[in-house]
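Have a look at protein_35.csv below; it lists CSV, C-alpha atoms.
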```csv
chain,number,residue,atom,x,y,z
A,218,MET,CA,34.6,-41.7,-17.7
A,219,PRO,CA,32.3,-38.7,-17.2
A,220,ASP,CA,33.2,-36.4,-14.3
A,221,GLY,CA,29.6,-36.7,-13.0
A,222,PRO,CA,28.1,-37.7,-9.7
A,223,LYS,CA,29.7,-40.8,-8.2
A,224,VAL,CA,27.4,-43.9,-8.2
A,225,ALA,CA,27.9,-47.0,-6.1
A,226,VAL,CA,26.3,-49.9,-8.0
A,227,LEU,CA,26.1,-52.4,-5.3
A,228,ARG,CA,26.3,-56.1,-6.0
A,229,MET,CA,26.8,-59.5,-4.4
A,230,GLU,CA,26.6,-63.1,-5.4
A,231,GLY,CA,23.4,-63.5,-7.5
A,232,THR,CA,22.9,-59.9,-8.7
A,233,ASN,CA,22.6,-59.9,-12.5
A,234,CYS,CA,21.5,-56.4,-13.6
A,235,GLU,CA,24.5,-54.4,-12.5
A,236,GLU,CA,25.9,-54.0,-15.9
A,237,GLU,CA,22.7,-52.5,-17.4
A,238,ALA,CA,22.6,-50.1,-14.4
A,239,TYR,CA,26.2,-49.2,-14.7
A,240,LEU,CA,25.9,-48.4,-18.4
A,241,SER,CA,22.7,-46.4,-17.9
A,242,PHE,CA,24.4,-44.2,-15.4
A,243,LEU,CA,27.4,-43.8,-17.6
A,244,ARG,CA,25.4,-42.8,-20.6
A,245,SER,CA,23.5,-40.3,-18.4
A,246,GLY,CA,26.7,-38.5,-17.4
A,247,ALA,CA,27.4,-40.1,-14.0
A,248,SER,CA,30.6,-41.8,-12.8
A,249,PRO,CA,29.5,-45.3,-11.8
A,250,GLN,CA,31.5,-47.8,-9.9
A,251,TYR,CA,30.8,-51.5,-9.1
A,252,VAL,CA,30.9,-52.0,-5.3
A,253,HIS,CA,30.7,-55.5,-3.9
A,254,VAL,CA,29.1,-55.8,-0.5
A,255,LYS,CA,32.2,-57.6,0.7
A,256,GLN,CA,34.2,-54.4,0.0
A,257,VAL,CA,31.8,-52.5,2.3
A,258,GLU,CA,32.1,-55.2,5.0
A,259,THR,CA,35.9,-55.1,5.0
A,260,GLY,CA,35.9,-51.2,5.0
A,261,LYS,CA,37.7,-51.0,1.6
A,262,VAL,CA,34.8,-48.9,0.3
A,263,ARG,CA,32.7,-46.4,2.2
A,264,ILE,CA,29.1,-45.7,1.2
A,265,GLY,CA,29.5,-42.0,2.2
A,266,ASP,CA,32.0,-41.5,-0.5
A,267,PHE,CA,29.3,-41.6,-3.2
A,268,ASP,CA,26.6,-39.3,-4.4
A,269,ILE,CA,24.1,-42.0,-5.5
A,270,LEU,CA,23.5,-45.5,-4.1
A,271,PHE,CA,21.9,-48.0,-6.6
A,272,ILE,CA,20.9,-51.6,-5.8
A,273,PRO,CA,20.3,-53.6,-8.9
A,274,GLY,CA,18.1,-56.6,-9.7
A,275,GLY,CA,18.9,-60.2,-9.8
A,276,PHE,CA,18.6,-63.1,-7.3
A,277,SER,CA,21.0,-62.0,-4.5
A,278,ALA,CA,22.1,-65.0,-2.5
A,279,GLY,CA,19.8,-67.1,-4.6
A,280,ASP,CA,16.7,-65.5,-2.9
A,281,TYR,CA,17.1,-67.9,-0.1
A,282,ILE,CA,14.9,-67.3,3.0
A,283,ARG,CA,13.2,-64.3,1.2
A,284,ALA,CA,14.1,-62.3,-1.8
A,285,GLY,CA,16.6,-59.6,-0.8
A,286,VAL,CA,16.8,-60.4,2.9
A,287,ILE,CA,20.4,-61.7,2.9
A,288,PHE,CA,21.7,-58.8,0.9
A,289,ALA,CA,19.9,-56.3,3.2
A,290,SER,CA,21.2,-58.0,6.3
A,291,ARG,CA,24.8,-57.9,5.1
A,292,LEU,CA,24.6,-54.3,3.9
A,293,MET,CA,22.9,-53.0,7.1
A,294,ALA,CA,25.2,-55.0,9.4
A,295,ALA,CA,28.3,-53.6,7.7
A,296,ALA,CA,27.2,-50.1,7.0
A,297,GLY,CA,23.8,-49.4,8.5
A,298,ASN,CA,24.8,-46.1,10.0
A,299,GLN,CA,26.4,-45.0,6.8
A,300,VAL,CA,23.3,-45.9,4.8
A,301,LYS,CA,21.0,-44.0,7.2
A,302,ARG,CA,23.3,-41.0,7.1
A,303,PHE,CA,23.3,-41.1,3.3
A,304,VAL,CA,19.5,-41.1,3.4
A,305,ASP,CA,19.2,-38.4,6.0
A,306,GLU,CA,21.4,-36.1,3.9
A,307,GLY,CA,19.0,-36.4,1.0
A,308,ARG,CA,21.2,-38.4,-1.3
A,309,PRO,CA,19.3,-40.7,-3.7
A,310,VAL,CA,19.1,-44.4,-2.9
A,311,ILE,CA,17.5,-46.4,-5.7
A,312,GLY,CA,16.5,-50.1,-5.7
A,313,VAL,CA,15.2,-51.9,-8.7
A,314,CYS,CA,13.5,-55.3,-8.5
A,315,ASN,CA,15.7,-57.3,-6.2
A,316,GLY,CA,17.1,-54.0,-5.1
A,317,TYR,CA,13.6,-52.9,-4.1
A,318,GLN,CA,13.2,-56.1,-2.1
A,319,VAL,CA,16.5,-55.2,-0.3
A,320,LEU,CA,15.2,-51.7,0.6
A,321,ALA,CA,12.0,-53.2,2.0
A,322,GLU,CA,13.9,-55.9,4.0
A,323,ALA,CA,16.2,-53.2,5.3
A,324,ASN,CA,13.1,-51.2,6.4
A,325,LEU,CA,14.2,-48.2,4.5
A,326,LEU,CA,10.8,-48.4,2.8
A,327,PRO,CA,8.1,-47.3,3.3
A,328,ASP,CA,9.5,-45.1,6.1
A,329,LEU,CA,6.3,-44.7,8.0
A,330,GLY,CA,7.7,-44.9,11.5
A,331,TYR,CA,7.2,-48.6,12.2
A,332,GLU,CA,10.2,-50.3,13.8
A,333,GLU,CA,9.3,-53.6,12.2
A,334,ARG,CA,9.2,-54.4,8.5
A,335,VAL,CA,5.6,-53.8,7.3
A,336,ILE,CA,5.8,-54.4,3.5
A,337,SER,CA,7.1,-57.2,1.4
A,338,LEU,CA,7.4,-58.1,-2.3
A,339,SER,CA,5.7,-61.5,-2.2
A,340,PHE,CA,5.3,-64.3,-4.7
A,341,ASN,CA,3.3,-63.3,-7.8
A,342,ARG,CA,-0.4,-64.0,-7.7
A,343,SER,CA,0.1,-66.1,-10.8
A,344,ASN,CA,2.6,-68.3,-8.9
A,345,ARG,CA,5.1,-68.0,-11.7
A,346,PHE,CA,8.0,-65.9,-13.0
A,347,GLU,CA,6.5,-62.9,-15.0
A,348,CYS,CA,8.8,-61.5,-17.7
A,349,ARG,CA,7.1,-59.1,-20.2
A,350,HIS,CA,6.7,-55.5,-21.1
A,351,THR,CA,4.1,-53.7,-19.1
A,352,TYR,CA,3.0,-50.1,-18.5
A,353,VAL,CA,3.2,-47.9,-15.4
A,354,LYS,CA,1.8,-44.5,-14.6
A,355,VAL,CA,3.7,-41.8,-12.7
A,356,MET,CA,1.5,-41.0,-9.7
A,357,SER,CA,3.3,-38.2,-7.8
A,358,ARG,CA,5.8,-35.4,-8.2
A,359,ASN,CA,8.9,-37.0,-6.7
A,360,ARG,CA,11.9,-34.8,-5.7
A,361,VAL,CA,14.4,-37.1,-7.5
A,362,ILE,CA,12.7,-38.3,-10.7
A,363,GLY,CA,9.6,-36.0,-10.9
A,364,GLY,CA,9.3,-32.5,-12.2
A,365,ASP,CA,9.5,-31.7,-15.9
A,366,LEU,CA,11.3,-34.9,-16.9
A,367,MET,CA,8.7,-37.4,-15.5
A,368,PRO,CA,5.6,-35.4,-14.5
A,369,ALA,CA,2.6,-37.0,-12.7
A,370,GLY,CA,0.2,-38.7,-15.2
A,371,THR,CA,3.0,-39.9,-17.5
A,372,VAL,CA,2.5,-43.4,-18.8
A,373,PHE,CA,5.4,-45.4,-20.1
A,374,GLN,CA,6.3,-48.9,-21.1
A,375,VAL,CA,8.9,-50.8,-19.1
A,376,PRO,CA,9.8,-54.5,-18.7
A,377,VAL,CA,9.2,-56.5,-15.6
A,378,ALA,CA,11.0,-59.8,-14.7
A,379,HIS,CA,10.3,-61.2,-11.3
A,380,ALA,CA,8.8,-64.1,-9.4
A,381,GLU,CA,8.4,-62.2,-6.1
A,382,GLY,CA,7.0,-58.7,-6.9
A,383,ARG,CA,3.5,-58.6,-5.4
A,384,PHE,CA,3.4,-55.5,-3.1
A,385,THR,CA,1.8,-56.5,0.2
A,386,ALA,CA,1.5,-54.7,3.6
A,387,SER,CA,1.2,-56.4,7.0
A,388,ARG,CA,-1.3,-53.7,8.2
A,389,GLU,CA,-4.2,-52.1,6.3
A,390,GLN,CA,-3.1,-48.8,7.8
A,391,VAL,CA,0.1,-48.9,5.8
A,392,LEU,CA,-1.9,-48.9,2.5
A,393,GLU,CA,-4.1,-46.1,3.8
A,394,ARG,CA,-1.1,-44.0,4.9
A,395,LEU,CA,0.6,-44.5,1.5
A,396,GLN,CA,-2.6,-43.5,-0.3
A,397,GLU,CA,-3.2,-40.5,1.9
A,398,GLY,CA,0.4,-39.4,2.4
A,399,GLY,CA,2.6,-37.0,0.5
A,400,GLY,CA,3.0,-38.9,-2.8
A,401,GLN,CA,4.9,-41.9,-1.7
A,402,VAL,CA,3.2,-44.1,-4.3
A,403,LEU,CA,5.4,-43.2,-7.3
A,404,PHE,CA,4.3,-45.7,-10.0
A,405,THR,CA,1.2,-47.9,-10.5
A,406,TYR,CA,0.7,-50.6,-13.1
A,407,CYS,CA,-1.8,-49.6,-15.8
A,408,SER,CA,-3.1,-50.5,-19.3
A,409,PRO,CA,-1.3,-49.1,-22.3
A,410,GLY,CA,-3.9,-46.3,-22.3
A,411,GLY,CA,-3.2,-45.5,-18.7
A,412,THR,CA,-6.4,-46.9,-17.2
A,413,ASP,CA,-7.1,-49.8,-14.9
A,414,ALA,CA,-7.1,-53.2,-16.6
A,415,GLY,CA,-6.9,-56.9,-15.7
A,416,TYR,CA,-4.0,-59.3,-15.7
A,417,PRO,CA,-1.4,-59.2,-17.2
A,418,TRP,CA,-1.3,-55.4,-17.4
A,419,ASN,CA,-2.7,-54.3,-14.1
A,420,PRO,CA,-0.9,-55.6,-12.2
A,421,PRO,CA,1.3,-58.4,-13.6
A,422,ASN,CA,1.9,-59.7,-10.1
A,423,GLY,CA,-1.2,-58.9,-8.0
A,424,SER,CA,0.2,-55.9,-6.1
A,425,ALA,CA,-2.1,-54.2,-3.7
A,426,MET,CA,-3.3,-50.9,-5.1
A,427,ASN,CA,-1.5,-51.8,-8.3
A,428,ILE,CA,1.7,-50.4,-6.8
A,429,ALA,CA,4.8,-50.7,-8.9
A,430,GLY,CA,7.1,-48.4,-7.0
A,431,ILE,CA,7.2,-46.3,-3.8
A,432,SER,CA,9.5,-43.8,-2.0
A,433,ASN,CA,10.2,-42.9,1.5
A,434,ARG,CA,8.6,-39.8,3.0
A,435,GLU,CA,11.4,-37.5,1.9
A,436,GLY,CA,11.3,-38.9,-1.6
A,437,ASN,CA,15.0,-39.8,-2.0
A,438,VAL,CA,14.7,-43.5,-1.3
A,439,ILE,CA,13.0,-45.1,-4.3
A,440,GLY,CA,12.1,-48.7,-4.9
A,441,LEU,CA,10.4,-50.1,-8.0
A,442,MET,CA,9.9,-53.6,-9.5
A,443,PRO,CA,10.0,-52.7,-13.3
A,444,HIS,CA,13.5,-52.3,-14.9
A,445,PRO,CA,14.2,-48.9,-16.3
A,446,GLU,CA,17.8,-49.9,-17.0
A,447,ARG,CA,16.4,-52.4,-19.6
A,448,ALA,CA,14.5,-49.6,-21.4
A,449,TYR,CA,17.2,-47.0,-22.0
A,450,TYR,CA,16.9,-47.2,-25.8
A,451,GLY,CA,14.0,-47.6,-28.1
A,452,PHE,CA,15.2,-50.8,-29.6
A,453,GLN,CA,14.7,-52.4,-26.1
A,454,MET,CA,11.0,-51.5,-26.3
A,455,ALA,CA,8.0,-53.4,-27.8
A,456,GLY,CA,5.4,-52.2,-30.3
A,457,ALA,CA,5.2,-48.6,-31.5
A,458,GLU,CA,7.6,-47.5,-28.8
A,459,ARG,CA,10.4,-49.4,-30.5
A,460,ALA,CA,10.6,-46.7,-33.1
A,461,SER,CA,11.9,-44.1,-30.6
A,462,ILE,CA,15.6,-43.4,-30.2
A,463,TYR,CA,15.4,-43.5,-26.5
A,464,GLY,CA,13.2,-45.3,-24.0
A,465,PRO,CA,11.9,-44.0,-20.6
A,466,GLY,CA,15.0,-45.5,-18.9
A,467,LYS,CA,17.1,-42.6,-20.2
A,468,THR,CA,14.6,-40.1,-18.7
A,469,PHE,CA,14.7,-42.0,-15.4
A,470,PHE,CA,18.5,-42.1,-15.1
A,471,ASP,CA,18.9,-38.5,-16.4
A,472,ALA,CA,16.6,-37.3,-13.7
A,473,ILE,CA,18.6,-39.1,-10.9
A,474,VAL,CA,21.9,-37.7,-12.2
A,475,ARG,CA,20.4,-34.2,-12.5
A,476,TYR,CA,19.1,-34.4,-8.9
A,477,ALA,CA,22.5,-35.5,-7.6
A,478,ILE,CA,24.2,-32.6,-9.4
A,479,ARG,CA,21.9,-30.1,-7.8
A,480,LYS,CA,22.5,-31.7,-4.4
```
For this file, produce the structure as structure tokens.
Amino acid sequence: MPDGPKVAVLRMEGTNCEEEAYLSFLRSGASPQYVHVKQVETGKVRIGDFDILFIPGGFSAGDYIRAGVIFASRLMAAAGNQVKRFVDEGRPVIGVCNGYQVLAEANLLPDLGYEERVISLSFNRSNRFECRHTYVKVMSRNRVIGGDLMPAGTVFQVPVAHAEGRFTASREQVLERLQEGGGQVLFTYCSPGGTDAGYPWNPPNGSAMNIAGISNREGNVIGLMPHPERAYYGFQMAGAERASIYGPGKTFFDAIVRYAIRK
């Protein structure tokens, strides 16, 4: 086990991407640990004892009521103050796919000062489960994953697998503030060439403004629908990208680990 930043890979009934996330952090030099939300509820594990908090994809609690809402409710009821302190201290909180839905339901994203939840990851415009490789463009210089490793303008291939991934906002002002703000839109869906295109590339789910991932205002809470943990190696890619030794997932996880070390 590497002596790197400690990562809590949260899980509960229905998550199914925790192993890929665990292995990705391990390969990037971190010290990951599986943490079931029940361990947090009983006080056996404290969120504050970790350097990175990662919420993986899957179908937590069967996606009943809404995707991610039960997971978010259990986590915040058990350790809401711990999670908020974690965020305030600048430590990275990452949610992928179902994890992104959890962050939205917990109102940790988009962090625009609204007391009520103002974004959701709704049913895909196609009204079906979308599972394919797609492309996203890096839109801003994020403090955790930006900089030299993943600069703005970078286009990379990454898989998506979700039925509820369409980014929507309850108020038009939310979209305006995200667009005008300090780089909270991290990733947008694009064509392989990095331009706007139609379905299925841009976007595969009907997201407003083609949004694939956003952050909070400070940049340390990140949610995205595509799965970087499923693109760590080249053999996991499609087309010409398959010839590479590593995929963009390695860059993504390397960046998070590097940030946590600097913290």
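Considering the residues A:Asn324, A:Thr385, A:Asn315, A:Asn419 and counting all atoms listed in the file, Lys354 in chain A has its shortest atom-to-atom contact with A:Asn419.
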Next item on the list: Fewer than 4 positions away in the same chain doesn't count, so skip those; otherwise give me all residues within 9 Å of range 250-267 of chain A, counting all atoms listed in the file, as a VMD selection string.
Entry: chain A and resid 222 to 230 235 to 236 239 288 291 to 292 294 to 296 299 to 300 302 to 303 308
Take the residues from that selection and put them in a file with C-alpha atoms, as an mmCIF file, in the coordinates of the input.
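Listed below is the output, again.cif:
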```
data_model
loop_
_atom_site.group_PDB
_atom_site.id
_atom_site.type_symbol
_atom_site.label_atom_id
_atom_site.label_comp_id
_atom_site.auth_asym_id
_atom_site.auth_seq_id
_atom_site.Cartn_x
_atom_site.Cartn_y
_atom_site.Cartn_z
ATOM 1 C CA PRO A 222 28.100 -37.700 -9.700
ATOM 2 C CA LYS A 223 29.700 -40.800 -8.200
ATOM 3 C CA VAL A 224 27.400 -43.900 -8.200
ATOM 4 C CA ALA A 225 27.900 -47.000 -6.100
ATOM 5 C CA VAL A 226 26.300 -49.900 -8.000
ATOM 6 C CA LEU A 227 26.100 -52.400 -5.300
ATOM 7 C CA ARG A 228 26.300 -56.100 -6.000
ATOM 8 C CA MET A 229 26.800 -59.500 -4.400
ATOM 9 C CA GLU A 230 26.600 -63.100 -5.400
ATOM 10 C CA GLU A 235 24.500 -54.400 -12.500
ATOM 11 C CA GLU A 236 25.900 -54.000 -15.900
ATOM 12 C CA TYR A 239 26.200 -49.200 -14.700
ATOM 13 C CA PHE A 288 21.700 -58.800 0.900
ATOM 14 C CA ARG A 291 24.800 -57.900 5.100
ATOM 15 C CA LEU A 292 24.600 -54.300 3.900
ATOM 16 C CA ALA A 294 25.200 -55.000 9.400
ATOM 17 C CA ALA A 295 28.300 -53.600 7.700
ATOM 18 C CA ALA A 296 27.200 -50.100 7.000
ATOM 19 C CA GLN A 299 26.400 -45.000 6.800
ATOM 20 C CA VAL A 300 23.300 -45.900 4.800
ATOM 21 C CA ARG A 302 23.300 -41.000 7.100
ATOM 22 C CA PHE A 303 23.300 -41.100 3.300
ATOM 23 C CA ARG A 308 21.200 -38.400 -1.300
#
```
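Residues lying within 10 Å of Glu322 in chain A, counting all atoms listed in the file and ignoring same-chain neighbours fewer than 6 positions away, are Arg283, Ala284, Gly285, Val286, Ile287, Phe288, Ala289, Ser290, Met293, Gly316, Glu333, Arg334, Val335, Ile336, Ser337 and Leu338 of chain A.
Going from CA of Gly466 in chain A over to CA of Phe404 in chain A, you cover 13.9 Å.
Coordinates place CA of Asn233 in chain A at a distance of 26.2 Å from CA of Gly436 in chain A.
The shortest atom-to-atom distance to Glu389 in chain A, with only C-alpha atoms taken into account, belongs to A:Met426 out of A:Ala472, A:Ile478, A:Ile431, A:Met426.
Minimum atom-to-atom distances from A:Ala455, A:Val313, A:Ala321, A:Ala380 to Gly423 in chain A were compared using all atoms listed in the file, and the lowest value belongs to A:Ala380.
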Notebook entry, point to check: Interatomic distance between CA of Gln374 in chain A and CA of Thr351 in chain A?
Noted result: 5.6 Å
Item checked: Best match for closeness to Tyr416 in chain A among A:Glu435, A:Glu446, A:Glu458, A:Glu347, counting all atoms listed in the file -> A:Glu347
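Distance check against Asp328 in chain A using only C-alpha atoms: of A:Gly279, A:Pro409, A:Gly363, A:Gly440, the minimum falls on A:Gly440.
The residue that comes closest to Asn427 in chain A, out of A:Pro465, A:Pro376, A:Pro309, A:Gly382 and on the basis of all atoms listed in the file, is A:Gly382.
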Check: Which polymer residues have any atom within 8 Å of an atom of Ile362 in chain A, counting only C-alpha atoms, with same-chain residues fewer than 2 positions away left out, as a ChimeraX atom specification?
Finding: /A:358-360,364,366-367,469,472-473,476
Check: What lies within 8 Å of Gly221 in chain A using all atoms listed in the file, ignoring chain neighbours under 5 positions off, as a PyMOL selection string?
Finding: chain A and resi 246-248+474+478
Checklist line | Gln401 in chain A surroundings by all atoms listed in the file, 12 Å radius, close-in-sequence under 3 positions cut, as a VMD selection string | finding: chain A and resid 326 to 329 355 to 360 363 391 to 398 404 to 405 428 to 441
